[in-house]
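Reproduced below: protein04.csv, with CSV, C-alpha atoms and all ligand atoms.
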chain,number,residue,atom,x,y,z
A,1,MET,CA,-7.1,28.1,-8.9
A,2,THR,CA,-10.6,26.8,-8.6
A,3,LYS,CA,-11.4,25.7,-5.1
A,4,LYS,CA,-12.1,22.0,-5.0
A,5,ASP,CA,-14.5,20.1,-2.7
A,6,VAL,CA,-12.1,17.5,-1.5
A,7,LEU,CA,-8.3,17.0,-1.3
A,8,ILE,CA,-7.1,13.5,-0.7
A,9,VAL,CA,-3.6,13.0,0.5
A,10,GLY,CA,-2.3,9.6,-0.8
A,11,ALA,CA,-3.0,7.8,-4.0
A,12,GLY,CA,-2.8,4.2,-2.6
A,13,MET,CA,-5.7,1.9,-2.4
A,14,THR,CA,-7.5,4.0,0.2
A,15,GLY,CA,-7.1,7.3,-1.5
A,16,LEU,CA,-7.9,6.1,-5.0
A,17,THR,CA,-11.0,4.2,-3.7
A,18,ALA,CA,-12.3,7.3,-1.8
A,19,GLY,CA,-11.4,9.6,-4.8
A,20,LEU,CA,-13.4,7.4,-7.2
A,21,ALA,CA,-16.5,7.2,-5.0
A,22,LEU,CA,-16.4,11.0,-4.4
A,23,ALA,CA,-15.8,11.9,-8.0
A,24,GLU,CA,-18.5,9.6,-9.2
A,25,ALA,CA,-20.9,11.2,-6.7
A,26,GLY,CA,-20.1,14.6,-8.4
A,27,LYS,CA,-17.5,16.0,-6.0
A,28,SER,CA,-14.6,17.9,-7.4
A,29,VAL,CA,-11.5,16.0,-6.1
A,30,THR,CA,-7.8,16.3,-6.2
A,31,ILE,CA,-5.6,13.3,-5.1
A,32,VAL,CA,-2.0,14.2,-4.3
A,33,ASP,CA,0.9,11.8,-3.6
A,34,LYS,CA,4.5,12.3,-2.9
A,35,GLY,CA,5.5,9.2,-4.9
A,36,ARG,CA,6.7,9.1,-8.5
A,37,SER,CA,3.6,7.2,-9.4
A,38,VAL,CA,0.3,6.2,-7.8
A,39,GLY,CA,0.0,3.0,-5.7
A,40,GLY,CA,1.7,3.5,-2.4
A,41,ARG,CA,2.2,0.0,-1.0
A,42,LEU,CA,0.7,-1.5,-4.2
A,43,ALA,CA,4.3,-1.3,-5.4
A,44,THR,CA,5.9,-2.9,-8.5
A,45,ARG,CA,9.4,-2.4,-9.7
A,46,ARG,CA,11.2,-3.4,-13.0
A,47,ILE,CA,14.6,-4.9,-12.6
A,48,GLY,CA,16.0,-5.5,-16.1
A,49,HIS,CA,13.3,-7.4,-17.9
A,50,ALA,CA,11.8,-8.7,-14.6
A,51,VAL,CA,8.8,-7.3,-12.9
A,52,VAL,CA,8.6,-7.6,-9.1
A,53,ASP,CA,5.9,-6.8,-6.5
A,54,HIS,CA,7.9,-5.6,-3.5
A,55,GLY,CA,5.0,-4.3,-1.3
A,56,ALA,CA,1.6,-6.2,-1.2
A,57,GLN,CA,2.0,-9.6,-2.8
A,58,PHE,CA,-1.6,-10.6,-3.3
A,59,PHE,CA,-5.0,-9.9,-1.8
A,60,THR,CA,-7.8,-11.9,-0.3
A,61,VAL,CA,-11.5,-11.1,-0.4
A,62,ARG,CA,-13.8,-11.5,2.6
A,63,SER,CA,-16.6,-8.9,2.3
A,64,GLU,CA,-19.3,-8.7,-0.4
A,65,GLU,CA,-18.4,-5.0,-0.9
A,66,PHE,CA,-14.9,-5.8,-1.9
A,67,ALA,CA,-16.0,-8.9,-3.8
A,68,GLN,CA,-18.1,-6.8,-6.1
A,69,ALA,CA,-15.2,-4.5,-7.0
A,70,VAL,CA,-12.9,-7.5,-7.5
A,71,ARG,CA,-15.4,-9.1,-9.9
A,72,MET,CA,-15.3,-5.9,-12.0
A,73,TRP,CA,-11.5,-5.8,-12.0
A,74,GLU,CA,-11.5,-9.5,-13.0
A,75,ALA,CA,-14.0,-8.8,-15.8
A,76,ASP,CA,-11.7,-6.0,-17.0
A,77,GLY,CA,-8.7,-8.4,-17.0
A,78,ILE,CA,-6.9,-6.4,-14.3
A,79,VAL,CA,-6.7,-9.1,-11.6
A,80,GLY,CA,-6.9,-12.9,-11.4
A,81,VAL,CA,-6.6,-15.7,-9.0
A,82,TRP,CA,-3.0,-16.7,-8.3
A,83,THR,CA,-3.7,-19.6,-6.0
A,84,ASN,CA,-6.2,-21.0,-3.5
A,85,GLY,CA,-3.5,-21.6,-0.9
A,86,PHE,CA,0.3,-21.7,-0.6
A,87,ASP,CA,0.5,-25.4,0.4
A,88,SER,CA,0.2,-27.2,-2.9
A,89,ASN,CA,-0.6,-30.4,-1.0
A,90,ASP,CA,-3.3,-28.9,1.1
A,91,PRO,CA,-4.8,-25.7,-0.5
A,92,ASP,CA,-7.2,-24.0,1.9
A,93,GLY,CA,-9.5,-22.9,-0.9
A,94,HIS,CA,-9.4,-19.2,-0.3
A,95,PRO,CA,-8.4,-17.3,-3.5
A,96,ARG,CA,-5.4,-15.1,-3.4
A,97,TYR,CA,-5.5,-12.6,-6.2
A,98,ARG,CA,-2.6,-11.1,-8.2
A,99,THR,CA,-2.7,-8.1,-10.5
A,100,GLU,CA,-1.7,-8.6,-14.1
A,101,GLY,CA,1.7,-7.0,-14.6
A,102,GLY,CA,2.1,-6.3,-10.8
A,103,MET,CA,0.1,-4.7,-8.0
A,104,SER,CA,0.8,-1.1,-9.2
A,105,GLN,CA,-1.3,-1.8,-12.3
A,106,LEU,CA,-4.4,-2.1,-10.1
A,107,ALA,CA,-3.6,1.4,-8.7
A,108,LYS,CA,-3.0,2.7,-12.3
A,109,HIS,CA,-6.4,1.2,-13.3
A,110,LEU,CA,-8.1,2.9,-10.3
A,111,ALA,CA,-6.3,6.2,-11.1
A,112,ALA,CA,-7.6,6.1,-14.7
A,113,ALA,CA,-11.1,5.5,-13.4
A,114,CYS,CA,-10.7,8.5,-11.1
A,115,ARG,CA,-9.6,10.7,-13.9
A,116,ASN,CA,-12.5,9.5,-16.1
A,117,ALA,CA,-14.8,10.5,-13.3
A,118,GLY,CA,-13.2,14.0,-13.3
A,119,ALA,CA,-10.7,13.7,-10.4
A,120,GLU,CA,-7.3,15.4,-10.7
A,121,ILE,CA,-4.3,13.2,-9.7
A,122,VAL,CA,-1.0,14.9,-8.8
A,123,VAL,CA,2.2,12.9,-8.0
A,124,LYS,CA,5.6,14.0,-6.8
A,125,GLN,CA,4.1,16.5,-4.4
A,126,ARG,CA,4.7,16.0,-0.6
A,127,VAL,CA,2.1,17.6,1.6
A,128,ASP,CA,3.9,19.0,4.6
A,129,ALA,CA,1.2,20.9,6.5
A,130,VAL,CA,-2.6,20.8,6.7
A,131,ILE,CA,-3.9,24.1,7.9
A,132,ASP,CA,-7.5,25.0,9.0
A,133,SER,CA,-7.9,28.7,8.4
A,134,GLY,CA,-11.6,28.8,9.4
A,135,ASP,CA,-12.7,29.7,5.8
A,136,SER,CA,-11.2,26.6,4.2
A,137,LEU,CA,-8.6,23.9,4.7
A,138,THR,CA,-5.2,24.3,3.1
A,139,ALA,CA,-2.5,21.8,2.2
A,140,THR,CA,1.0,23.3,1.7
A,141,TYR,CA,3.7,21.5,-0.2
A,142,GLU,CA,7.3,20.7,0.8
A,143,ALA,CA,8.9,21.9,-2.4
A,144,ALA,CA,6.7,25.0,-2.8
A,145,THR,CA,6.4,23.9,-6.5
A,146,ARG,CA,2.6,23.8,-6.1
A,147,VAL,CA,0.3,26.5,-5.0
A,148,PRO,CA,-1.3,25.4,-1.7
A,149,ASP,CA,-4.6,23.7,-2.3
A,150,GLU,CA,-7.7,25.2,-0.6
A,151,VAL,CA,-10.6,22.8,-0.1
A,152,ASP,CA,-13.8,22.2,1.8
A,153,ALA,CA,-12.8,18.8,3.1
A,154,MET,CA,-9.7,16.7,3.4
A,155,VAL,CA,-9.0,13.0,3.6
A,156,ILE,CA,-5.5,12.0,4.7
A,157,THR,CA,-4.6,8.4,3.9
A,158,SER,CA,-0.9,8.3,4.5
A,159,PRO,CA,0.4,6.0,7.3
A,160,VAL,CA,-0.9,7.6,10.5
A,161,PRO,CA,2.4,8.9,12.0
A,162,GLN,CA,2.9,10.8,8.7
A,163,SER,CA,-0.6,12.2,8.8
A,164,VAL,CA,-0.1,13.3,12.4
A,165,ASP,CA,3.1,15.2,11.3
A,166,MET,CA,1.0,17.1,8.6
A,167,LEU,CA,-1.6,18.1,11.2
A,168,ARG,CA,0.9,19.2,13.7
A,169,ALA,CA,2.9,21.2,11.1
A,170,GLY,CA,-0.3,23.1,10.3
A,171,GLY,CA,-1.3,23.7,13.9
A,172,THR,CA,-4.4,21.5,13.3
A,173,PRO,CA,-5.7,19.3,16.2
A,174,VAL,CA,-4.4,15.8,16.4
A,175,PRO,CA,-6.9,13.1,17.5
A,176,ASP,CA,-5.6,11.2,20.6
A,177,ASP,CA,-6.6,7.9,19.0
A,178,ALA,CA,-4.2,8.6,16.1
A,179,LEU,CA,-1.3,8.6,18.4
A,180,LEU,CA,-2.1,5.0,19.4
A,181,VAL,CA,-1.7,3.6,15.9
A,182,THR,CA,1.6,1.8,15.3
A,183,TYR,CA,3.1,-0.1,12.4
A,184,ASP,CA,5.5,-3.0,11.8
A,185,CYS,CA,8.4,-2.3,9.4
A,186,VAL,CA,9.5,-4.8,6.7
A,187,ILE,CA,12.7,-5.1,4.8
A,188,ALA,CA,12.2,-6.6,1.4
A,189,LEU,CA,15.0,-8.3,-0.6
A,190,LEU,CA,14.6,-8.5,-4.3
A,191,VAL,CA,16.7,-11.4,-5.6
A,192,ALA,CA,17.4,-12.1,-9.2
A,193,THR,CA,18.7,-15.5,-10.3
A,194,ASP,CA,19.2,-17.4,-13.6
A,195,ASP,CA,18.7,-20.7,-11.8
A,196,ASP,CA,15.5,-22.8,-11.6
A,197,VAL,CA,13.7,-22.0,-8.3
A,198,SER,CA,11.0,-24.7,-8.5
A,199,GLY,CA,12.9,-26.9,-6.0
A,200,VAL,CA,12.9,-24.0,-3.5
A,201,LEU,CA,9.4,-22.6,-3.9
A,202,GLY,CA,7.4,-25.5,-5.4
A,203,PRO,CA,4.7,-25.3,-8.1
A,204,ILE,CA,2.9,-22.2,-6.6
A,205,GLY,CA,6.1,-20.3,-6.4
A,206,ALA,CA,5.7,-19.0,-2.8
A,207,ARG,CA,6.3,-19.9,0.8
A,208,GLN,CA,4.5,-18.1,3.7
A,209,ALA,CA,5.3,-17.9,7.4
A,210,PRO,CA,5.3,-20.1,9.6
A,211,LEU,CA,7.0,-22.3,7.0
A,212,ASP,CA,10.1,-20.0,7.3
A,213,PRO,CA,10.9,-18.4,10.6
A,214,MET,CA,12.9,-15.4,9.2
A,215,PHE,CA,11.0,-14.5,6.1
A,216,THR,CA,7.2,-14.0,6.3
A,217,PHE,CA,6.8,-14.4,2.6
A,218,ILE,CA,9.0,-15.6,-0.3
A,219,ALA,CA,7.7,-15.6,-3.8
A,220,ASP,CA,8.9,-15.9,-7.4
A,221,ASN,CA,7.2,-13.2,-9.5
A,222,LYS,CA,7.6,-15.4,-12.6
A,223,THR,CA,5.8,-18.4,-11.2
A,224,LYS,CA,3.2,-16.0,-9.8
A,225,GLY,CA,2.6,-14.9,-13.4
A,226,ILE,CA,3.6,-11.2,-13.4
A,227,SER,CA,7.2,-11.4,-14.7
A,228,PRO,CA,8.8,-12.8,-17.8
A,229,GLU,CA,11.9,-13.6,-15.7
A,230,THR,CA,12.5,-15.2,-12.3
A,231,LEU,CA,12.8,-12.6,-9.6
A,232,LEU,CA,12.3,-13.5,-5.9
A,233,THR,CA,10.7,-11.2,-3.3
A,234,PHE,CA,11.7,-12.0,0.3
A,235,HIS,CA,9.9,-10.2,3.2
A,236,THR,CA,11.9,-10.2,6.3
A,237,GLU,CA,10.1,-10.9,9.6
A,238,PRO,CA,9.1,-7.6,11.3
A,239,ALA,CA,11.2,-8.0,14.5
A,240,LEU,CA,14.3,-8.9,12.5
A,241,SER,CA,13.5,-6.0,10.1
A,242,ALA,CA,13.3,-3.6,13.1
A,243,ALA,CA,16.6,-4.9,14.4
A,244,LEU,CA,18.3,-4.3,11.1
A,245,TRP,CA,16.5,-1.1,10.2
A,246,ASN,CA,19.3,1.5,10.8
A,247,LEU,CA,22.0,-0.5,9.0
A,248,SER,CA,23.1,0.3,5.5
A,249,ASN,CA,21.8,-1.8,2.7
A,250,ASP,CA,25.2,-3.6,2.4
A,251,ALA,CA,25.3,-4.3,6.1
A,252,ILE,CA,21.7,-5.6,5.9
A,253,LEU,CA,22.7,-8.0,3.1
A,254,ASP,CA,25.7,-9.1,5.1
A,255,ARG,CA,23.5,-9.9,8.1
A,256,LEU,CA,20.8,-11.7,6.0
A,257,GLN,CA,23.3,-13.6,3.8
A,258,ALA,CA,23.3,-16.8,5.8
A,259,GLU,CA,19.5,-16.9,6.1
A,260,LEU,CA,19.1,-16.3,2.3
A,261,SER,CA,21.6,-19.1,1.6
A,262,ARG,CA,19.7,-21.4,3.9
A,263,VAL,CA,16.5,-20.9,1.9
A,264,LEU,CA,18.1,-20.7,-1.6
A,265,GLY,CA,20.3,-23.8,-1.3
A,266,SER,CA,22.0,-24.2,-4.6
A,267,VAL,CA,20.2,-21.3,-6.3
A,268,LYS,CA,22.7,-18.5,-6.8
A,269,PRO,CA,21.6,-14.8,-6.8
A,270,THR,CA,22.9,-12.7,-9.7
A,271,SER,CA,21.8,-9.4,-7.9
A,272,ILE,CA,20.0,-8.4,-4.7
A,273,GLN,CA,18.2,-5.1,-4.0
A,274,VAL,CA,17.0,-3.9,-0.6
A,275,LYS,CA,13.7,-2.1,-0.2
A,276,LYS,CA,12.6,-0.8,3.2
A,277,TRP,CA,9.0,-0.3,4.2
A,278,ARG,CA,8.9,1.8,7.4
A,279,TYR,CA,5.1,1.5,7.7
A,280,ALA,CA,4.4,-1.9,6.2
A,281,ALA,CA,1.4,-3.1,8.2
A,282,PRO,CA,-0.5,-1.7,11.2
A,283,ARG,CA,0.5,-3.4,14.5
A,284,SER,CA,-2.2,-1.6,16.5
A,285,GLY,CA,-4.9,0.0,14.4
A,286,HIS,CA,-8.2,1.8,15.0
A,287,THR,CA,-11.5,0.0,15.1
A,288,ASP,CA,-13.4,2.5,13.0
A,289,ARG,CA,-12.9,2.6,9.2
A,290,CYS,CA,-12.1,6.3,9.3
A,291,LEU,CA,-11.5,8.9,12.0
A,292,ARG,CA,-12.8,12.5,11.9
A,293,VAL,CA,-10.4,15.1,13.3
A,294,GLU,CA,-12.5,16.9,16.0
A,295,GLY,CA,-12.4,20.7,16.4
A,296,THR,CA,-11.8,21.7,12.8
A,297,SER,CA,-14.0,24.2,10.9
A,298,ARG,CA,-14.5,21.7,8.0
A,299,PRO,CA,-14.2,17.9,7.8
A,300,ILE,CA,-10.7,16.4,7.9
A,301,TYR,CA,-10.7,12.6,8.0
A,302,LEU,CA,-7.9,10.1,8.6
A,303,ALA,CA,-8.3,6.9,6.7
A,304,GLY,CA,-6.2,3.9,5.5
A,305,ASP,CA,-5.4,0.3,6.2
A,306,ALA,CA,-4.9,1.1,9.9
A,307,PHE,CA,-8.6,1.8,10.2
A,308,GLY,CA,-11.2,-1.0,10.5
A,309,GLU,CA,-9.1,-3.8,9.1
A,310,ALA,CA,-5.6,-4.2,7.6
A,311,LYS,CA,-4.4,-5.1,4.1
A,312,VAL,CA,-5.6,-4.3,0.6
A,313,GLU,CA,-9.2,-5.1,1.4
A,314,GLY,CA,-9.1,-3.0,4.6
A,315,ALA,CA,-7.7,-0.1,2.7
A,316,PHE,CA,-10.5,-0.4,0.0
A,317,ARG,CA,-13.2,-0.5,2.7
A,318,SER,CA,-11.7,2.5,4.6
A,319,GLY,CA,-11.7,4.4,1.3
A,320,ARG,CA,-15.3,3.6,0.7
A,321,ALA,CA,-16.2,4.4,4.3
A,322,VAL,CA,-14.6,7.8,4.3
A,323,ALA,CA,-16.3,8.7,1.0
A,324,ASP,CA,-19.7,7.6,2.5
A,325,ALA,CA,-19.0,9.7,5.6
A,326,LEU,CA,-18.4,12.8,3.5
A,327,LEU,CA,-21.3,12.1,1.2
A,328,ASP,CA,-23.8,11.1,4.0
A,329,GLY,CA,-22.9,14.1,6.1
A,330,SER,CA,-23.3,16.3,3.0
A,331,GLU,CA,-19.9,17.6,4.1
A,401,LIG,C1,5.9,-5.5,2.4
A,401,LIG,C2,4.4,-5.5,2.4
A,401,LIG,C3,3.7,-6.6,2.1
A,401,LIG,C4,2.3,-6.6,2.1
A,401,LIG,N1,1.6,-7.7,1.7
A,401,LIG,C5,0.3,-7.7,1.6
A,401,LIG,C6,-0.4,-8.8,1.1
A,401,LIG,O1,0.2,-9.8,0.7
A,401,LIG,N2,-1.8,-8.7,1.0
A,401,LIG,C7,-2.5,-7.6,1.4
A,401,LIG,O2,-3.7,-7.5,1.3
A,401,LIG,N3,-1.8,-6.5,1.8
A,401,LIG,C8,-0.5,-6.5,1.9
A,401,LIG,N4,0.2,-5.4,2.4
A,401,LIG,C9,-0.5,-4.2,2.8
A,401,LIG,C10,-1.1,-3.4,1.7
A,401,LIG,O3,-0.1,-3.1,0.8
A,401,LIG,C11,-1.7,-2.2,2.3
A,401,LIG,O4,-2.7,-2.5,3.3
A,401,LIG,C12,-2.4,-1.2,1.4
A,401,LIG,O5,-1.8,-1.1,0.1
A,401,LIG,C13,-2.5,0.2,2.1
A,401,LIG,O6,-3.1,1.1,1.2
A,401,LIG,P1,-3.3,2.6,1.7
A,401,LIG,O7,-3.8,3.4,0.6
A,401,LIG,O8,-4.1,2.6,3.0
A,401,LIG,O9,-1.8,3.1,2.1
A,401,LIG,P2,-0.6,3.4,1.2
A,401,LIG,O10,-0.5,2.4,0.0
A,401,LIG,O11,0.6,3.5,2.1
A,401,LIG,O12,-0.9,4.8,0.5
A,401,LIG,C14,-0.6,6.0,1.2
A,401,LIG,C15,0.0,7.0,0.2
A,401,LIG,O13,0.2,8.2,0.9
A,401,LIG,C16,1.4,8.8,0.3
A,401,LIG,N5,1.9,9.8,1.2
A,401,LIG,C17,2.5,9.6,2.4
A,401,LIG,N6,2.9,10.8,2.9
A,401,LIG,C18,2.5,11.8,2.0
A,401,LIG,C19,2.7,13.2,2.0
A,401,LIG,N7,3.3,13.9,3.0
A,401,LIG,N8,2.2,13.9,0.9
A,401,LIG,C20,1.7,13.2,-0.1
A,401,LIG,N9,1.5,11.8,-0.2
A,401,LIG,C21,1.9,11.1,0.9
A,401,LIG,C22,2.3,7.7,0.0
A,401,LIG,O14,3.3,8.0,-1.0
A,401,LIG,C23,1.3,6.5,-0.4
A,401,LIG,O15,1.2,6.4,-1.8
A,401,LIG,C24,1.6,-5.4,2.3
A,401,LIG,C25,2.3,-4.2,2.6
A,401,LIG,C26,3.7,-4.3,2.6
A,401,LIG,C27,4.5,-3.0,2.8
Written as structure tokens, that's how I'd like the structure from this file.
Amino acid sequence: MTKKDVLIVGAGMTGLTAGLALAEAGKSVTIVDKGRSVGGRLATRRIGHAVVDHGAQFFTVRSEEFAQAVRMWEADGIVGVWTNGFDSNDPDGHPRYRTEGGMSQLAKHLAAACRNAGAEIVVKQRVDAVIDSGDSLTATYEAATRVPDEVDAMVITSPVPQSVDMLRAGGTPVPDDALLVTYDCVIALLVATDDDVSGVLGPIGARQAPLDPMFTFIADNKTKGISPETLLTFHTEPALSAALWNLSNDAILDRLQAELSRVLGSVKPTSIQVKKWRYAAPRSGHTDRCLRVEGTSRPIYLAGDAFGEAKVEGAFRSGRAVADALLDGSE
């Protein structure tokens, strides 16, 4: 196997953004993800004919750096404005973007750009250890179905507790700051119905906390414009998600039934799926956009939406920052 310049763990927004910048700058890059497809929390599922975003629901744009990328994705027909606010009577004017066909399509678009720039993308491979042998950095894989990758630099973009596990398993130093990063979990309910939901969710097709105390976000993927059929996404409030976390899916549905009925009124579900996000959003993140692991022979960086700022935009900016750090340092 040819030794690559950089291995990126995680093909979510952070890893794909970093991979694209590095590959376009001429680095040889492999991006590896344990998931069946790219995207991470940019996650879309098909249920029957319906299409449902069950992780990130939309994204906002605050920085010029991200705005430039979003303008390109808009020109390519990948993303578009869903709404300028969730209160139809009082829009706040800030565009919320959706991805055509669901959030995972944005990740697929970025993955295609990475491949065009020469990067290799590997899915269904879980890194279990990151080893610094002095001559190079090595990632080993859980299933041993892939020869360990040896590289000159590594970027680890998984949620930080998972990144810490990989470092520890390989005997690689763990930055103290990484141990301070924590996340909220979220339980998502994906609710199919044949009924008209406009009376529940209004013309924009969504409600956001604090309008509902138990669900931080409720959206109809059809009204949002990504699904041919109605399918609702409910995100359960983090403290309630944590309280229910260890229950079976059936028991979670039992416990949330009354809250669901309160919101749905006369709308009757035809099916409900449960999706758990253990690391949904950083509760306490790190102020820098990426974090170099000290004491290694070659650069290992931690990056992701826990660094600098949260959400899709934060992940994008962390990906750019870690690529810049590797390129500026000629590492
Ligand atoms: C329920 C929910 C709602 C959200 N709503 C919004 C929203 O409306 N707006 C918004 O802007 N943001 C939202 N977010 C946050 C947004 O999705 C994230 O900030 C962003 O997608 C994070 O991207 P990332 O690349 O940093 O991390 P991730 O997308 O988590 O990518 C990390 C990747 O690492 C991979 N990985 C982990 N461990 C390993 C391993 N051992 N080996 C190989 N690969 C591994 C994972 O499979 C994953 O693909 C939401 C998130 C959730 C979960």
Any chance you could tabulate, as a Markdown table, the residues of range 104-211 of chain A at most 9 Å from range 21-27 of chain A with each one's nearest atom pair and distance in Å to one decimal, using all atoms listed in the file, in chain and rising number order?
| residue | atom | partner | partner_atom | distance |
| --- | --- | --- | --- | --- |
| A:Cys114 | CA | A:Ala23 | CA | 6.9 |
| A:Arg115 | CA | A:Ala23 | CA | 8.6 |
| A:Ala117 | CA | A:Ala23 | CA | 5.6 |
| A:Gly118 | CA | A:Ala23 | CA | 6.3 |
| A:Ala119 | CA | A:Ala23 | CA | 5.9 |
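Candidate residues A:Gln273, A:Asn116, A:Asn84, A:Gln125 were compared for distance to Gly10 in chain A, and the nearest is A:Gln125, using all atoms listed in the file.
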Find the residues with any atom within 12 Å of (6.0, 13.8, -2.7); use only C-alpha atoms and the coordinates as given in the file, and write the answer as a ChimeraX atom specification. /A:9-11,31-38,40,122-128,140-146,158
Point out the residue among A:Leu201, A:Val155, A:Leu327, A:Leu42 with the least atom-to-atom distance to ligand LIG 401 (chain A), counting all atoms listed in the file.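 Selected residue with least distance to ligand LIG 401 (chain A): A:Leu42.
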Excluding Phe217 in chain A and its own-chain neighbours fewer than 5 positions away, which residues fall within 8 Å of it when counting only C-alpha atoms? Please give them as a ChimeraX atom specification. /A:206-209,233-236
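The space between CA of Thr172 in chain A and CA of Ser297 in chain A spans 10.3 Å.
The shortest atom-to-atom distance to ligand LIG 401 (chain A), with only C-alpha atoms and all ligand atoms taken into account, belongs to A:Ser318 out of A:Ser241, A:Ser318, A:Ser261, A:Ser198.
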Residue contacts of Glu237 in chain A (10 Å, all atoms listed in the file) excluding same-chain residues fewer than 5 positions away, as a list in words: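 The residues satisfying every condition are Asp184, Cys185, Val186, Ile187, Ala188, Ala209, Asp212, Pro213, Met214, Phe215, Thr216, Phe217 and Ala242 of chain A.
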Can you tell me which residues surround Pro269 in chain A at a distance of at most 10 Å, considering all atoms listed in the file, apart from same-chain residues fewer than 6 positions away, and format the answer as a PyMOL selection string? chain A and resi 190-195+231-232+260-261
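Of note, CA of Met103 in chain A and atom O3 of ligand LIG 401 (chain A) are spaced 8.9 Å apart.
Among A:Ala69, A:Val81, A:Ile131, A:Ile47, the residue with the shortest atom-to-atom distance to Gly93 in chain A, counting all atoms listed in the file, is A:Val81.
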Cut-off 6 Å around (-8.8, 3.9, -0.9) with only C-alpha atoms: residues as a list in words: Met13, Thr14, Gly15, Leu16, Thr17, Ala18, Ala315, Phe316 and Gly319 of chain A
What does the distance from CA of His94 in chain A to atom C2 of ligand LIG 401 (chain A) come to in Å, to one decimal?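 Straight-line distance from CA of His94 in chain A to atom C2 of ligand LIG 401 (chain A) works out to 19.6 Å.
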Rank A:Ala280, A:Val51, A:Ala153, A:Ala169 by their smallest atom-to-atom distance to Asp220 in chain A, using only C-alpha atoms, and report the top residue only.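 Closest to Asp220 in chain A of all the choices is A:Val51.
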List the spatial neighbours of Leu291 in chain A as a PyMOL selection string - criterion: any atom at most 7 Å away, only C-alpha atoms, same-chain residues fewer than 2 positions off excluded. chain A and resi 288+293+301-303
Write out as JSON, numbers by chain each polymer residue whose atoms come within 10 Å of Asp135 in chain A, counting all atoms listed in the file; drop sequence neighbours fewer than 6 positions from it. {"A": [150, 151, 152, 297, 298]}
For a quick check of understanding, using only C-alpha atoms and all ligand atoms, which of A:Gly55, A:Pro282, A:Gly265, A:Gly77 has the smallest distance to ligand LIG 401 (chain A)? A:Gly55
Output as a tab-separated table (two decimals), in the coordinates of the input: range 74-88 of chain A, completed with N, CA and C atoms.
chain	number	residue	atom	x	y	z
A	74	GLU	N	-11.78	-8.23	-12.30
A	74	GLU	CA	-11.50	-9.50	-13.00
A	74	GLU	C	-12.09	-9.45	-14.39
A	75	ALA	N	-13.30	-8.92	-14.50
A	75	ALA	CA	-14.00	-8.80	-15.80
A	75	ALA	C	-13.15	-7.90	-16.73
A	76	ASP	N	-12.52	-6.89	-16.17
A	76	ASP	CA	-11.70	-6.00	-17.00
A	76	ASP	C	-10.32	-6.54	-17.27
A	77	GLY	N	-10.03	-7.73	-16.75
A	77	GLY	CA	-8.70	-8.40	-17.00
A	77	GLY	C	-7.59	-7.78	-16.19
A	78	ILE	N	-7.91	-7.08	-15.10
A	78	ILE	CA	-6.90	-6.40	-14.30
A	78	ILE	C	-6.32	-7.39	-13.23
A	79	VAL	N	-7.19	-8.19	-12.63
A	79	VAL	CA	-6.70	-9.10	-11.60
A	79	VAL	C	-7.18	-10.52	-11.91
A	80	GLY	N	-6.55	-11.49	-11.26
A	80	GLY	CA	-6.90	-12.90	-11.40
A	80	GLY	C	-6.47	-13.69	-10.24
A	81	VAL	N	-7.00	-14.90	-10.11
A	81	VAL	CA	-6.60	-15.70	-9.00
A	81	VAL	C	-5.22	-16.31	-9.25
A	82	TRP	N	-4.33	-16.10	-8.26
A	82	TRP	CA	-3.00	-16.70	-8.30
A	82	TRP	C	-3.08	-18.14	-7.81
A	83	THR	N	-3.62	-18.30	-6.61
A	83	THR	CA	-3.70	-19.60	-6.00
A	83	THR	C	-4.77	-19.66	-4.95
A	84	ASN	N	-5.17	-20.87	-4.58
A	84	ASN	CA	-6.20	-21.00	-3.50
A	84	ASN	C	-5.50	-21.50	-2.21
A	85	GLY	N	-4.22	-21.24	-2.08
A	85	GLY	CA	-3.50	-21.60	-0.90
A	85	GLY	C	-2.06	-21.87	-1.22
A	86	PHE	N	-1.16	-21.63	-0.26
A	86	PHE	CA	0.30	-21.70	-0.60
A	86	PHE	C	0.86	-23.09	-0.33
A	87	ASP	N	0.06	-24.00	0.26
A	87	ASP	CA	0.50	-25.40	0.40
A	87	ASP	C	-0.07	-26.19	-0.72
A	88	SER	N	0.75	-26.53	-1.72
A	88	SER	CA	0.20	-27.20	-2.90
A	88	SER	C	-0.42	-28.54	-2.56
